[in-house]
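Working notes, structure below.
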Amino acid sequence: MNNPTERFTETVQDYIKYRPSYPKEVLQLLIDECDLRKNKIIADVGSGTGFLSKLFLNHGNLVYGVEPNRSMREAAEKYLKEYPNFFSINGTAEATSLENQSVDIITVGTAFHWFDIAKTKVEFRRILKIGGWVLLVWNVRNIEKSELLRDYESLLLEYGTDYKESNASKFNKTAVKEFFSPNEMKMCSFKNAQQFDWNGFKGRLLSTSYSLRPADDRYEEMLKKLKDIFERYQKNGMVEFLYDTKLNYGRIHA
């Protein structure tokens, strides 16, 4: 599927159940270093099902969740329905529809690699108040410290429909630094983890945009190999999915 806007339409329910949220340390970093206070307005761009938005809503911020995929957007509206300060926006990173200089902080959770970077920078500069901050954050599988995740990565390479070519796998990290240039880009990382039983481990795979679907000829073969990985590493019926939550943040106005 070439259109990134529609990649996750089939995976929404698994995404909600099995994708990781973001650690509270992300919120604390913005409080400590980016002057995040309760009166600050957040634009969470590529907000998906609302995991990152919820951090700021719980802090008391007004959050615009900008998401182009209708299924993901509706899932976020349901997930965050108890927060009157959440506003769901049908927009893209390149065209958010927000007003000029209307937000204090822009956040992007595990979505920046799908954006047109040049156009996004123009749009972010337009909607961000002078002196405002941009935070890009990813939950990155910690392959170095997890044998399970190394085997999981091999399975993705073998069965992922376009995993090798996907923006997530080939994303050029230098593009992030160029996005903030000529300003300083700061970096930080925090540990994050999920615990899965077999159904959760399977759901985590099926939450990805490149996973095979039941109609695919190799779907059952993929699940059998996934089950083999689970059995190899499970302890008391559970496995651990390790992440590094990586943050890149800074200012983008000249």
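Just so we're on the same page: first chain in the structure tokens is A, next is B, and so on; residues restart at 1 for each chain, and ligands are numbered from 1 in the order they show up.
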
Apply DSSP to the structure's backbone, then extract all residues of range 115-160 of chain A labelled strand (DSSP E or B) and return them as a PDB file with N, CA and C atoms, in the first residue's frame.
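The result, written out as states34.pdb:
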```pdb
ATOM      1  N   LEU A 128       3.209  27.020  14.675  1.00  0.00           N
ATOM      2  CA  LEU A 128       3.891  27.077  15.962  1.00  0.00           C
ATOM      3  C   LEU A 128       4.184  28.521  16.360  1.00  0.00           C
ATOM      4  N   LYS A 129       3.908  28.840  17.610  1.00  0.00           N
ATOM      5  CA  LYS A 129       4.251  30.165  18.113  1.00  0.00           C
ATOM      6  C   LYS A 129       5.769  30.342  18.117  1.00  0.00           C
ATOM      7  N   ILE A 130       6.219  31.561  17.918  1.00  0.00           N
ATOM      8  CA  ILE A 130       7.648  31.852  17.958  1.00  0.00           C
ATOM      9  C   ILE A 130       8.206  31.417  19.320  1.00  0.00           C
ATOM     10  N   GLY A 131       9.295  30.668  19.277  1.00  0.00           N
ATOM     11  CA  GLY A 131       9.871  30.155  20.517  1.00  0.00           C
ATOM     12  C   GLY A 131       9.293  28.825  20.950  1.00  0.00           C
ATOM     13  N   GLY A 132       8.318  28.311  20.188  1.00  0.00           N
ATOM     14  CA  GLY A 132       7.716  27.026  20.526  1.00  0.00           C
ATOM     15  C   GLY A 132       8.630  25.842  20.212  1.00  0.00           C
ATOM     16  N   TRP A 133       8.233  24.693  20.683  1.00  0.00           N
ATOM     17  CA  TRP A 133       9.061  23.491  20.572  1.00  0.00           C
ATOM     18  C   TRP A 133       8.384  22.426  19.722  1.00  0.00           C
ATOM     19  N   VAL A 134       9.217  21.587  19.106  1.00  0.00           N
ATOM     20  CA  VAL A 134       8.736  20.401  18.394  1.00  0.00           C
ATOM     21  C   VAL A 134       9.379  19.176  19.035  1.00  0.00           C
ATOM     22  N   LEU A 135       8.563  18.191  19.337  1.00  0.00           N
ATOM     23  CA  LEU A 135       9.034  16.919  19.902  1.00  0.00           C
ATOM     24  C   LEU A 135       8.679  15.780  18.962  1.00  0.00           C
ATOM     25  N   LEU A 136       9.687  15.040  18.531  1.00  0.00           N
ATOM     26  CA  LEU A 136       9.489  13.831  17.733  1.00  0.00           C
ATOM     27  C   LEU A 136       9.864  12.646  18.613  1.00  0.00           C
ATOM     28  N   VAL A 137       8.989  11.676  18.725  1.00  0.00           N
ATOM     29  CA  VAL A 137       9.238  10.549  19.627  1.00  0.00           C
ATOM     30  C   VAL A 137       8.874   9.240  18.942  1.00  0.00           C
ATOM     31  N   TRP A 138       9.713   8.233  19.168  1.00  0.00           N
ATOM     32  CA  TRP A 138       9.487   6.895  18.622  1.00  0.00           C
ATOM     33  C   TRP A 138       9.653   5.851  19.717  1.00  0.00           C
ATOM     34  N   ASN A 139       8.823   4.818  19.684  1.00  0.00           N
ATOM     35  CA  ASN A 139       9.097   3.603  20.443  1.00  0.00           C
ATOM     36  C   ASN A 139       9.832   2.644  19.502  1.00  0.00           C
ATOM     37  N   VAL A 140      11.119   2.469  19.740  1.00  0.00           N
ATOM     38  CA  VAL A 140      11.980   1.678  18.856  1.00  0.00           C
ATOM     39  C   VAL A 140      12.268   0.331  19.519  1.00  0.00           C
ATOM     40  N   ARG A 141      12.003  -0.753  18.800  1.00  0.00           N
ATOM     41  CA  ARG A 141      12.285  -2.082  19.350  1.00  0.00           C
ATOM     42  C   ARG A 141      13.768  -2.216  19.675  1.00  0.00           C
TER      43      ARG A 141
END
```

Where does range 17-93 of chain A meet range 191-202 of chain A within 10 Å, residue by residue, with the nearest atom pair and distance in Å to one decimal for each, counting only C-alpha atoms, listed by chain and rising number, as a tab-separated table?
```
residue	atom	partner	partner_atom	distance
A:Lys17	CA	A:Gly200	CA	8.1
A:Tyr18	CA	A:Gly200	CA	6.4
A:Arg19	CA	A:Gln194	CA	8.7
A:Pro20	CA	A:Gln194	CA	6.8
A:Ser21	CA	A:Asn192	CA	8.7
A:Tyr22	CA	A:Asn192	CA	7.6
A:Pro23	CA	A:Asn192	CA	6.7
A:Glu25	CA	A:Lys191	CA	9.5
```

* Considering only C-alpha atoms, return as number ranges by chain whatever protein or nucleic-acid residues lie within 12 Å of Glu158 in chain A, sequence-local ones (same chain, fewer than 2 positions apart) excluded. => A: 151-156, 160-164, 210-212, 218-219, 221-222, 225-226

Go ahead and write the residues just picked, C-alpha atoms, as a tab-separated table (two decimals), in the first residue's frame.
```tsv
chain	number	residue	atom	x	y	z
A	151	ASP	CA	14.09	-13.31	15.90
A	152	TYR	CA	10.98	-11.15	15.52
A	153	GLU	CA	12.91	-8.84	13.20
A	154	SER	CA	13.93	-11.82	11.05
A	155	LEU	CA	10.28	-12.84	10.80
A	156	LEU	CA	9.34	-9.32	9.65
A	160	GLY	CA	6.45	-8.38	5.98
A	161	THR	CA	4.66	-7.38	2.81
A	162	ASP	CA	6.86	-4.33	2.23
A	163	TYR	CA	8.80	-4.12	5.48
A	164	LYS	CA	12.20	-3.76	3.83
A	210	TYR	CA	3.14	-4.62	6.74
A	211	SER	CA	1.82	-7.79	8.39
A	212	LEU	CA	0.21	-10.44	6.22
A	218	ARG	CA	1.52	-17.48	3.83
A	219	TYR	CA	-0.50	-16.09	6.73
A	221	GLU	CA	2.87	-20.15	8.02
A	222	MET	CA	3.80	-16.75	9.44
A	225	LYS	CA	6.78	-19.29	13.03
A	226	LEU	CA	5.63	-16.50	15.32
```

* Near Asp35 in chain A, within 12 Å and counting only C-alpha atoms, which residues show up once chain neighbours fewer than 5 positions away are dropped, as number ranges by chain? -> A: 27-30, 40-41, 104-105, 131-133

* **DSSP-assigned helix (DSSP H, G or I) among range 4-250 of chain A, expressed as a PyMOL selection string** => chain A and resi 4-6+9-18+24-33+51-59+70-79+112-114+117-127+147-159+167-170+174-180+198-206+219-233

* To do: Could you please determine the separation between CA of Gly203 in chain A and CA of Phe87 in chain A in Å, to one decimal place?
  => 28.6 Å

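If you measure from each of A:Pro214, A:Trp114, A:Glu74, A:Tyr249 to Glu33 in chain A using only C-alpha atoms, the closest one turns out to be A:Tyr249.
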
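The closest residue to Phe179 in chain A, picked from A:Leu55, A:Ala118, A:Ala75, A:Ala93 and counting only C-alpha atoms, is A:Ala118.
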
* Skipping near chain neighbours, those fewer than 3 positions away, what residues fall within 7 Å of Gly65 in chain A using only C-alpha atoms, listed as a PyMOL selection string? -> chain A and resi 43-45+47+53+87-89

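Between CA of Lys24 in chain A and CA of Phe180 in chain A there is a distance of 24.2 Å.
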
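Atom to atom, CA of Leu62 in chain A and CA of Ser181 in chain A stand 28.1 Å apart.
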
* **Closest of A:Val66, A:Ile229, A:Leu57, A:Leu148 to Glu82 in chain A - atom-to-atom distances counting only C-alpha atoms** => A:Leu57

* Residues at most 8 Å from Glu77 in chain A, counting only C-alpha atoms, excluding those fewer than 4 positions away in the same chain, as a PyMOL selection string? -> chain A and resi 49+73+81+88

Emit the selected residues as an mmCIF file, in the first residue's frame, including N, CA and C atoms.
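Here's the written file part-v6.cif:
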```cif
data_model
loop_
_atom_site.group_PDB
_atom_site.id
_atom_site.type_symbol
_atom_site.label_atom_id
_atom_site.label_comp_id
_atom_site.auth_asym_id
_atom_site.auth_seq_id
_atom_site.Cartn_x
_atom_site.Cartn_y
_atom_site.Cartn_z
ATOM 1 N N THR A 49 -4.325 6.787 17.371
ATOM 2 C CA THR A 49 -5.402 6.428 18.295
ATOM 3 C C THR A 49 -5.341 7.213 19.595
ATOM 4 N N ARG A 73 -8.618 8.128 13.543
ATOM 5 C CA ARG A 73 -9.167 9.346 14.152
ATOM 6 C C ARG A 73 -10.407 9.023 14.989
ATOM 7 N N LYS A 81 -12.815 10.260 24.687
ATOM 8 C CA LYS A 81 -14.110 10.942 24.725
ATOM 9 C C LYS A 81 -14.379 11.649 26.056
ATOM 10 N N SER A 88 -10.345 16.734 17.854
ATOM 11 C CA SER A 88 -9.925 15.861 16.765
ATOM 12 C C SER A 88 -9.987 16.608 15.443
#
```

* All residues 7 Å or closer to Ile252 in chain A, only C-alpha atoms, same chain fewer than 2 positions away omitted, as a list in words -> Arg125, Phe180, Asn183, Gly250 and Ala254 of chain A

Using only C-alpha atoms, please write the residues we just selected to a file, as a PDB file, in the first residue's frame.
```pdb
ATOM      1  CA  ARG A 125       6.667  26.842  11.380  1.00  0.00           C
ATOM      2  CA  PHE A 180      15.704  21.157  13.111  1.00  0.00           C
ATOM      3  CA  ASN A 183      18.813  25.114  15.374  1.00  0.00           C
ATOM      4  CA  GLY A 250      14.139  21.479  19.560  1.00  0.00           C
ATOM      5  CA  ALA A 254      15.166  30.785  12.581  1.00  0.00           C
TER       6      ALA A 254
END
```

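The nearest approach to Tyr79 in chain A among the residues A:Gly109, A:Gly237, A:Gly50, A:Pro182, with only C-alpha atoms taken into account, belongs to A:Gly50.
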
* May I ask which of the residues A:Met72, A:Ile16, A:Val108, A:Cys188 is the closest one to Thr120 in chain A, counting only C-alpha atoms? => A:Val108
